[in-house]
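Participant: Before I ask anything, let me first share the structure, which is written out below as structure tokens.
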2 protein chains.
Amino acid sequence: MSEWIKLASQVIERCACLAECTEEPGHTTRTFLSPPMHEVHARIRRWMEECGLQVRVDAAGNIRGRREGTQLSGTLYIGSHLDTVPQAGMFDGILGVLAGIALMESSGPYTFPVEIVGFSEEEGVRFGLPFLGSRALIGDFTPDLLAIKDREGVSVEQAITAFGLDPKCIPAARAESAALGYLELHIEQGPVLESRNESVAVVDAIVGQSRLTLSFEGRANHAGTTPMHLRHDALAGAAEWVQTIERIANQTPGNETPGNEKQGLVATVGRLQVTPGATNVIASHVQASLDVRHPTDFTRKAAVEEMVTAARQIAERRALSILVEPHLDQASVAMDRGLTNLLEQSVAACGFAACGFAASRLNSGAGHDAMVIAPKIPAAMLFLRSPGGISHHPDESVRVEDVAAALQVGHNFLERLGGIQ
Amino acid sequence: MSEWIKLASQVIERCACLAECTEEPGHTTRTFLSPPMHEVHARIRRWMEECGLQVRVDAAGNIRGRREGTQLSGTLYIGSHLDTVPQAGMFDGILGVLAGIALMESSGPYTFPVEIVGFSEEEGVRFGLPFLGSRALIGDFTPDLLAIKDREGVSVEQAITAFGLDPKCIPAARAESAALGYLELHIEQGPVLESRNESVAVVDAIVGQSRLTLSFEGRANHAGTTPMHLRHDALAGAAEWVQTIERIANQTPGNETPGNEKQGLVATVGRLQVTPGATNVIASHVQASLDVRHPTDFTRKAAVEEMVTAARQIAERRALSILVEPHLDQASVAMDRGLTNLLEQSVAACGFAACGFAASRLNSGAGHDAMVIAPKIPAAMLFLRSPGGISHHPDESVRVEDVAAALQVGHNFLERLGGIQ
């Protein structure tokens, strides 16, 4: 075990090393193809080359390190993402990439080729559209995505070119058609494994999610001279709606019973931009994000419809206009049954199974690259405990024992997969 | 009259000319000593010099054009401000400065010296603290103001130095101690004169106002994996509070009766900044502005107290922390009785009085430089009709007949003031 602890320590140290690469001094903020991603690639390239991988950066900005297999076989992809939310922790995504590299250091070659992938984009922060990296891997990076613009008016195409890559080569980022599988190690980012006192769990399915932008438009006017009853205050309308979202989510079946939160609906307004945004001016325009998730697609869609209807009613009553833009309607995605069973056997074989025989199973409340990849490539995911359930926050952490457990399980999984090839 | 219409047209044309000077292409946004203010000063300097004024820019960034009087006398200051809210209209503040210059073109010299002042700062956008320009005129630009920083971390002192001025010379910006008076022409920025079908009105008093910043602090976490009942969502708390503000304002005595809005309370949350501000992250921190105004100081203070208490209660119930920072507690300010009566006589003499004999009187729901100046220098204000009651918005406008009326009244006021000197 001490060998795994040593390797796990190195993985954690490397996560800390990459957290230094940031757009925002004093925090870790790293969006799609932002300047600090160059330094991330340089460091990962060195670590990949040290364990003999062939390294390239594809046209979507994914860094990929490959080791050929000893026999003719489809490739096993192991990966996660390298971008972060604003003011992020050190481990979300990054840990899965560095754990993949650590697995290449400690074992193989296998009968099958292995490719470690550090995806360029998963969080959707810069362009409001997540999974740009994994979309490229499965050939779903359609040309229309290139035209999407960030808040500064820079398009995806311009961002790719500015990073020194050629958008025309995106089709070449696609994985081979007969890929063997995709494995993703990721922190849970929630409180369940901690409450069960377990290191790792096998992911059954990833819940479905909807993302929308709602824009409320009223009329800017002077805060001192416009009587209350003559206002068309976009922020007052948006605030009423944010409260309604919370109420609808709390009333969704499953959420009335605390402890049943695994099956509950979550709805979040995390971004709210107010224009013009001055103390003495009534807000003319508010743009708000909406993120809704649930393991049952029907329940999720019904909740989104209720929330959009509520927005329209609030806007009508306040004589505001409203624009609703759906960005994502991602169905709940099951992981591959065969690979997941194999992963469960590895958890049990390494002694991390809950009751000594069956590994812990979880639904993932967060979207992951595995969700995008699963429809095209058999995919499996292993979750690591998140202390305090904290993620998307500088206090995000991992326990070195849990990282060691994940590496040991990952190693066992690779050996096992080689055995059945 | 046609001569006044011609002069009014020139004033409007010059307002449009200054609206080109902006920090934000496509809009007019011009905060305290921002780069476009250099060009504003260059244009105003030319127009002032064309009518024989001695021009200087004082250390607070106010541009001042002076014409000496024919006898020994205190100075009459005529002015308004040159800064704007974000995405502003063309007339708020600017019109009063250019009308002052137009009055110098059309008349005088008088027995008393006249100084036209274009104040550098009134709106409080950049440093969250309004009236920096007029504070300097009355000797109330205290050294502690120099340390205040804008959102980019630039201090008032640095902003003054960067503009090419010397903060040490601010005391020299002070008006003479025996000033004759201060006259401000300004658009109403509200709907009352339009509803009365009148061109101009004399201002009785300026309502008191409070400005505060409230910061709600919760905990950032993943939007997909954090159950609703375990969240500390700063935005959900702030949204509940914004709704409460609106309810408290609507329930304040005076607001239940539409048509009585002149005496009503107005409360506005115009700025709301959400951190980290990503679709898939629960907000950890929300900073909101609060602006409350009422002609009776007691009513205003009681409302502010109720709103702050509500914020504390919401924060406590949601396990958020809260920080309340008061920035401004400006008492209701009466205009000078003597100058105001003189102005009323001018309105009547020029034929713009409501019933042929008594000029229209108004309270101002907006703060103005005259409010800061009135405690030190006898001050009077003339309001012009605001079509549609629209201000702080690109659609802000004036009618050329109303500007002509204001110039005619202003001219009559100067002649009348010369007569009694």
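Naming works like this for the structure tokens: A, B, ... for the chains as they're shown, residue 1 at the start of each chain, ligands 1 onward in shown order.
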Write out as an MDAnalysis selection string the set of residues from segment 149-355 of chain A that DSSP, computed on the backbone, places in alpha helix (DSSP H).
Facilitator: chainID A and resid 156:162 192:196 234:251 297:317 337:349
Participant: Which of segment 48-256 of chain B end up as strand (DSSP E or B) when DSSP is run on this backbone - answer as a PyMOL selection string?
Facilitator: chain B and resi 54-57+63-67+76-81+114-119+149+155+181-187+200-206+208-217+221-222
Participant: Please write the residues from the selection above to a file, keeping C-alpha atoms, as a CSV table (one decimal), in the first residue's frame.
Facilitator:
```
chain,number,residue,atom,x,y,z
B,54,GLN,CA,-11.2,82.7,-18.3
B,55,VAL,CA,-10.9,78.9,-18.2
B,56,ARG,CA,-9.2,76.6,-15.7
B,57,VAL,CA,-9.6,73.0,-14.5
B,63,ILE,CA,-13.8,72.9,-15.5
B,64,ARG,CA,-14.5,76.5,-14.6
B,65,GLY,CA,-15.1,79.5,-16.9
B,66,ARG,CA,-15.1,83.0,-15.3
B,67,ARG,CA,-16.2,86.4,-16.3
B,76,LEU,CA,-22.6,83.9,-9.0
B,77,TYR,CA,-21.8,80.2,-9.8
B,78,ILE,CA,-23.9,78.5,-12.5
B,79,GLY,CA,-23.3,74.8,-13.1
B,80,SER,CA,-24.0,71.2,-13.2
B,81,HIS,CA,-22.1,68.0,-13.8
B,114,VAL,CA,-20.1,84.8,-13.0
B,115,GLU,CA,-18.4,81.4,-13.0
B,116,ILE,CA,-19.7,78.6,-15.1
B,117,VAL,CA,-18.8,75.2,-13.5
B,118,GLY,CA,-18.8,71.8,-15.1
B,119,PHE,CA,-18.5,69.4,-12.2
B,149,LYS,CA,-10.7,52.9,-4.5
B,155,SER,CA,-7.8,55.4,-5.6
B,181,GLY,CA,-25.2,82.3,-5.1
B,182,TYR,CA,-25.4,79.1,-7.1
B,183,LEU,CA,-27.9,78.5,-10.0
B,184,GLU,CA,-28.4,75.0,-11.5
B,185,LEU,CA,-30.6,74.3,-14.6
B,186,HIS,CA,-31.4,70.6,-14.9
B,187,ILE,CA,-33.8,68.2,-16.5
B,200,VAL,CA,-40.1,74.6,-16.3
B,201,ALA,CA,-40.5,74.6,-12.6
B,202,VAL,CA,-38.7,76.1,-9.6
B,203,VAL,CA,-37.3,73.5,-7.1
B,204,ASP,CA,-38.4,73.9,-3.5
B,205,ALA,CA,-36.3,71.2,-1.9
B,206,ILE,CA,-34.3,68.1,-2.8
B,208,GLY,CA,-33.1,63.2,1.4
B,209,GLN,CA,-31.4,60.0,0.3
B,210,SER,CA,-29.6,57.0,1.8
B,211,ARG,CA,-27.1,54.8,0.0
B,212,LEU,CA,-25.8,51.5,1.4
B,213,THR,CA,-24.0,48.4,0.2
B,214,LEU,CA,-25.2,45.0,1.6
B,215,SER,CA,-23.0,42.0,1.1
B,216,PHE,CA,-24.5,38.5,1.6
B,217,GLU,CA,-21.9,35.7,2.0
B,221,ASN,CA,-20.6,24.6,-4.0
B,222,HIS,CA,-21.4,22.4,-7.0
```
Participant: Give me, as a list in words, the contact residues of chain B against chain A at a cut-off of 6 Å, counting only C-alpha atoms.
Facilitator: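 Contact residues on the first chain: Pro86, Gly190, Ala220, Asn221, His222, Gly224, Thr225, Pro227, Ala239, Glu261, Gly270, Arg271, Pro276, Gly277, Ala278, Thr279, Val281, Ile282, Ala283, Ser289, Gly365, Ala366, Ser391, His392 and His393 of chain B.
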Participant: Using only C-alpha atoms, which residues sit within 7 Å of Met90 of chain A once same-chain residues fewer than 3 positions away are excluded, as a list in words?
Facilitator: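 Here the answer would be Cys15, Ala16, Ala19 and Glu396 of chain A.
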Participant: Which neighbours of Phe413 of chain A fall inside 8 Å, counting only C-alpha atoms, when residues of the same chain fewer than 2 positions from it are skipped, and could you give them as JSON, numbers by chain?
Facilitator: {"A": [342, 343, 346, 409, 410, 411, 415, 416, 417]}
Participant: Neighbours of Ala147 of chain B within 10 Å (only C-alpha atoms; same-chain residues fewer than 5 positions away dropped), as a PyMOL selection string?
Facilitator: chain B and resi 154-158
Participant: Calculate how many Å separate atom CA of Gly133 of chain B from atom CA of Ser120 of chain B, rounding to one decimal.
Facilitator: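 Separating atom CA of Gly133 of chain B from atom CA of Ser120 of chain B is a distance of 5.1 Å.
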Participant: Using Å and a single decimal, report how far atom CA of Leu82 of chain B sits from atom CA of Gly26 of chain B.
Facilitator: 18.3 Å
Participant: What's the 12 Å shell around Leu146 of chain A, counting only C-alpha atoms, without same-chain residues fewer than 2 positions away, as a tab-separated table (two decimals) with C-alpha atoms, in the first residue's frame?
Facilitator:
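Written out: selection-v2.tsv:
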```
chain	number	residue	atom	x	y	z
A	59	ALA	CA	-7.28	20.98	-32.49
A	60	ALA	CA	-9.88	21.26	-29.73
A	127	PHE	CA	-18.79	30.06	-23.84
A	129	LEU	CA	-21.59	25.59	-23.49
A	132	LEU	CA	-16.23	21.19	-25.88
A	136	ALA	CA	-14.34	16.72	-30.14
A	141	PHE	CA	-17.79	19.22	-32.21
A	142	THR	CA	-20.05	20.51	-35.00
A	143	PRO	CA	-18.91	23.52	-37.10
A	144	ASP	CA	-21.73	25.73	-35.69
A	148	ILE	CA	-20.31	30.94	-30.41
A	149	LYS	CA	-18.89	34.01	-28.68
A	150	ASP	CA	-17.71	34.66	-25.14
A	154	VAL	CA	-14.32	36.30	-29.03
A	155	SER	CA	-15.61	33.27	-30.95
A	156	VAL	CA	-14.65	29.63	-30.24
A	157	GLU	CA	-12.89	29.66	-33.61
A	158	GLN	CA	-10.87	32.76	-32.68
A	159	ALA	CA	-10.01	31.25	-29.28
A	160	ILE	CA	-8.68	28.08	-30.93
A	161	THR	CA	-6.65	30.05	-33.46
A	166	ASP	CA	-6.14	25.00	-36.40
A	167	PRO	CA	-9.96	24.76	-36.13
A	168	LYS	CA	-10.05	22.93	-39.47
A	170	ILE	CA	-11.01	19.33	-35.23
```
Participant: Between atom CA of Met371 of chain B and atom CA of Arg337 of chain B, measure the distance and give it in Å to one decimal.
Facilitator: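 Those two atoms sit 14.0 Å apart.
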Participant: Taking only C-alpha atoms into account, which of A:Val324, A:Met335, A:Leu98, A:Leu18 comes nearest Lys376 of chain A?
Facilitator: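 Answer, going by the shortest atom-to-atom distance: A:Met335.
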